[in-house]
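The file input07.cif contains mmCIF, C-alpha atoms:
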data_coords
loop_
_atom_site.label_atom_id
_atom_site.label_comp_id
_atom_site.auth_asym_id
_atom_site.auth_seq_id
_atom_site.Cartn_x
_atom_site.Cartn_y
_atom_site.Cartn_z
CA GLN L 446 0.00 0.00 0.00
CA VAL L 447 1.49 3.30 -1.11
CA GLN L 448 1.07 6.29 1.17
CA LEU L 449 1.47 9.86 -0.05
CA VAL L 450 1.71 12.85 2.28
CA GLU L 451 1.66 16.39 0.90
CA SER L 452 3.01 19.47 2.62
CA GLY L 453 3.86 23.06 1.81
CA GLY L 454 0.48 24.58 1.10
CA GLY L 455 -0.71 27.85 2.57
CA LEU L 456 -1.79 31.42 1.94
CA VAL L 457 0.29 33.53 -0.43
CA GLN L 458 -0.20 36.86 -2.14
CA PRO L 459 -0.54 37.09 -5.93
CA GLY L 460 2.88 36.97 -7.53
CA GLY L 461 4.31 34.97 -4.68
CA SER L 462 5.79 31.48 -4.56
CA LEU L 463 5.17 28.20 -2.79
CA ARG L 464 6.86 24.83 -2.91
CA LEU L 465 4.76 21.71 -2.42
CA SER L 466 6.29 18.42 -1.39
CA CYS L 467 4.96 14.88 -1.43
CA ALA L 468 6.59 12.14 0.63
CA ALA L 469 5.93 8.61 -0.61
CA SER L 470 6.24 5.34 1.27
CA GLY L 471 5.23 1.71 0.89
CA GLY L 472 5.92 1.23 -2.80
CA LEU L 473 8.41 1.39 -5.61
CA PHE L 474 8.42 5.15 -6.01
CA SER L 475 10.97 5.13 -8.81
CA ILE L 476 8.74 3.22 -11.26
CA ALA L 477 5.63 5.35 -10.82
CA THR L 478 4.54 8.24 -12.96
CA MET L 479 4.01 10.99 -10.41
CA GLY L 480 1.72 13.95 -10.72
CA TRP L 481 0.18 16.95 -9.06
CA TYR L 482 -3.54 17.55 -9.48
CA ARG L 483 -5.71 20.33 -8.13
CA GLN L 484 -9.37 20.85 -7.44
CA ALA L 485 -10.96 24.24 -6.96
CA PRO L 486 -14.41 24.66 -5.36
CA GLY L 487 -17.13 23.66 -7.80
CA LYS L 488 -14.67 22.38 -10.37
CA GLU L 489 -13.39 18.99 -11.42
CA ARG L 490 -9.99 17.75 -10.39
CA GLU L 491 -7.41 18.55 -13.08
CA LEU L 492 -3.85 17.55 -13.83
CA VAL L 493 -1.37 20.33 -13.11
CA ALA L 494 1.91 18.59 -13.87
CA ALA L 495 3.31 15.10 -14.23
CA ILE L 496 6.73 13.48 -14.38
CA THR L 497 7.53 9.99 -15.63
CA ARG L 498 9.99 7.52 -14.16
CA GLY L 499 12.44 8.71 -16.80
CA GLY L 500 12.03 12.37 -15.93
CA SER L 501 9.83 13.52 -18.80
CA THR L 502 7.43 16.24 -17.75
CA ASN L 503 4.19 17.76 -18.93
CA TYR L 504 2.21 20.73 -17.66
CA GLU L 505 -1.28 22.11 -17.86
CA ASP L 506 -1.19 25.11 -20.19
CA SER L 507 -2.01 27.75 -17.58
CA VAL L 508 0.98 26.82 -15.39
CA LYS L 509 3.64 26.44 -18.08
CA GLY L 510 6.60 28.69 -17.33
CA ARG L 511 5.45 29.24 -13.74
CA PHE L 512 5.42 25.78 -12.15
CA THR L 513 8.19 23.17 -12.11
CA ILE L 514 7.70 19.54 -11.12
CA SER L 515 10.62 17.44 -9.93
CA ARG L 516 11.28 14.13 -8.23
CA ASP L 517 14.02 12.63 -6.07
CA ASN L 518 13.90 8.87 -6.40
CA ALA L 519 16.56 8.40 -3.72
CA LYS L 520 14.41 10.24 -1.17
CA ASN L 521 11.00 9.12 -2.51
CA THR L 522 9.83 12.69 -2.81
CA LEU L 523 7.94 14.71 -5.38
CA SER L 524 7.99 18.49 -5.50
CA LEU L 525 6.14 21.30 -7.22
CA GLN L 526 7.74 24.73 -7.30
CA MET L 527 5.05 27.32 -7.96
CA ASN L 528 6.06 30.84 -8.92
CA SER L 529 4.10 33.90 -10.03
CA LEU L 530 1.02 32.53 -8.34
CA LYS L 531 -2.38 33.84 -9.38
CA PRO L 532 -5.73 33.83 -7.57
CA GLU L 533 -6.96 31.25 -10.07
CA ASP L 534 -4.32 28.84 -8.77
CA THR L 535 -6.29 28.60 -5.53
CA ALA L 536 -7.26 24.97 -4.99
CA VAL L 537 -6.56 21.84 -3.03
CA TYR L 538 -3.47 20.23 -4.53
CA TYR L 539 -3.14 16.45 -4.56
CA CYS L 540 -0.14 14.21 -5.09
CA ASN L 541 -0.76 11.19 -7.33
CA ALA L 542 1.26 8.02 -7.96
CA LYS L 543 0.26 6.15 -11.10
CA TYR L 544 1.16 2.47 -11.49
CA PRO L 545 0.03 0.15 -14.32
CA LEU L 546 -3.07 -1.11 -12.53
CA VAL L 547 -3.71 1.36 -9.73
CA ASP L 548 -3.47 5.00 -8.69
CA TYR L 549 -2.73 6.33 -5.23
CA TRP L 550 -3.65 9.74 -3.86
CA GLY L 551 -2.54 11.91 -1.01
CA GLN L 552 -4.94 13.74 1.27
CA GLY L 553 -4.35 17.11 -0.37
CA THR L 554 -2.95 20.45 0.72
CA GLN L 555 -4.73 23.78 0.40
CA VAL L 556 -3.16 26.57 -1.64
CA THR L 557 -4.82 29.96 -1.40
CA VAL L 558 -3.63 32.91 -3.47
CA SER L 559 -5.15 36.12 -2.22
CA SER L 560 -4.23 39.64 -1.22
#
Would you write out, as structure tokens, the structure that this file holds?
Amino acid sequence: QVQLVESGGGLVQPGGSLRLSCAASGGLFSIATMGWYRQAPGKERELVAAITRGGSTNYEDSVKGRFTISRDNAKNTLSLQMNSLKPEDTAVYYCNAKYPLVDYWGQGTQVTVSS
């Protein structure tokens, strides 16, 4: 059973930065495709960024150039550096580990961008 624990969320002003982290345990972290999703009130959960076991990345269009996803397979951690944050980035952010037959999710961390 894989466990994912997110941290690093909080309240930040527009234009500010936050770094989210996800600590993974209980599985082969290095073989999973890892991702960050977010869900704003009244909206569906959406993929923000993903990184494959080989390090290939992809981003949702609205965060390209502002967010950077990275992973440390030695430490079983996933990160999301978020810069130039906008109010529309406000959401609960979830860590996801995707294996061939199953997905695992963290509990989520709230990010609020407001002045």
**OP:** List, as an MDAnalysis selection string, every residue that the PyMOL selection byres ((chain L and resi 497-499) around 9) selects in the file provided.
**Re:** chainID L and resid 474:480 495:496 500:502 516 518
**OP:** Take the PyMOL selection byres ((chain L and resi 539) around 12), apply it to the structure above, and return the hits as a PyMOL selection string.
**Re:** chain L and resi 449-454+465-468+479-485+490-495+523-525+536-538+540-542+549-556
**OP:** Would you write out, as a PyMOL selection string, every residue that the PyMOL selection byres ((chain L and resi 527) around 8) captures in this file?
**Re:** chain L and resi 462-465+511-513+525-526+528-530
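In this structure, atom CA of Glu533 of chain L sits 11.7 Å away from atom CA of Gly460 of chain L.
Atom CA of Thr535 of chain L to atom CA of Gln458 of chain L spans 10.8 Å [interatomic distance, one decimal].
The spacing separating atom CA of Tyr544 of chain L from atom CA of Ile514 of chain L amounts to 18.3 Å.
Among the candidates L:Asp534, L:Asp517, L:Glu505, L:Glu489, the residue lying nearest to Val558 of chain L is L:Asp534 (atoms considered: all atoms listed in the file).
Each of L:Pro486, L:Val508, L:Gly472, L:Gln448 was checked against Thr557 of chain L using all atoms listed in the file; the smallest atom-to-atom distance is that of L:Pro486.
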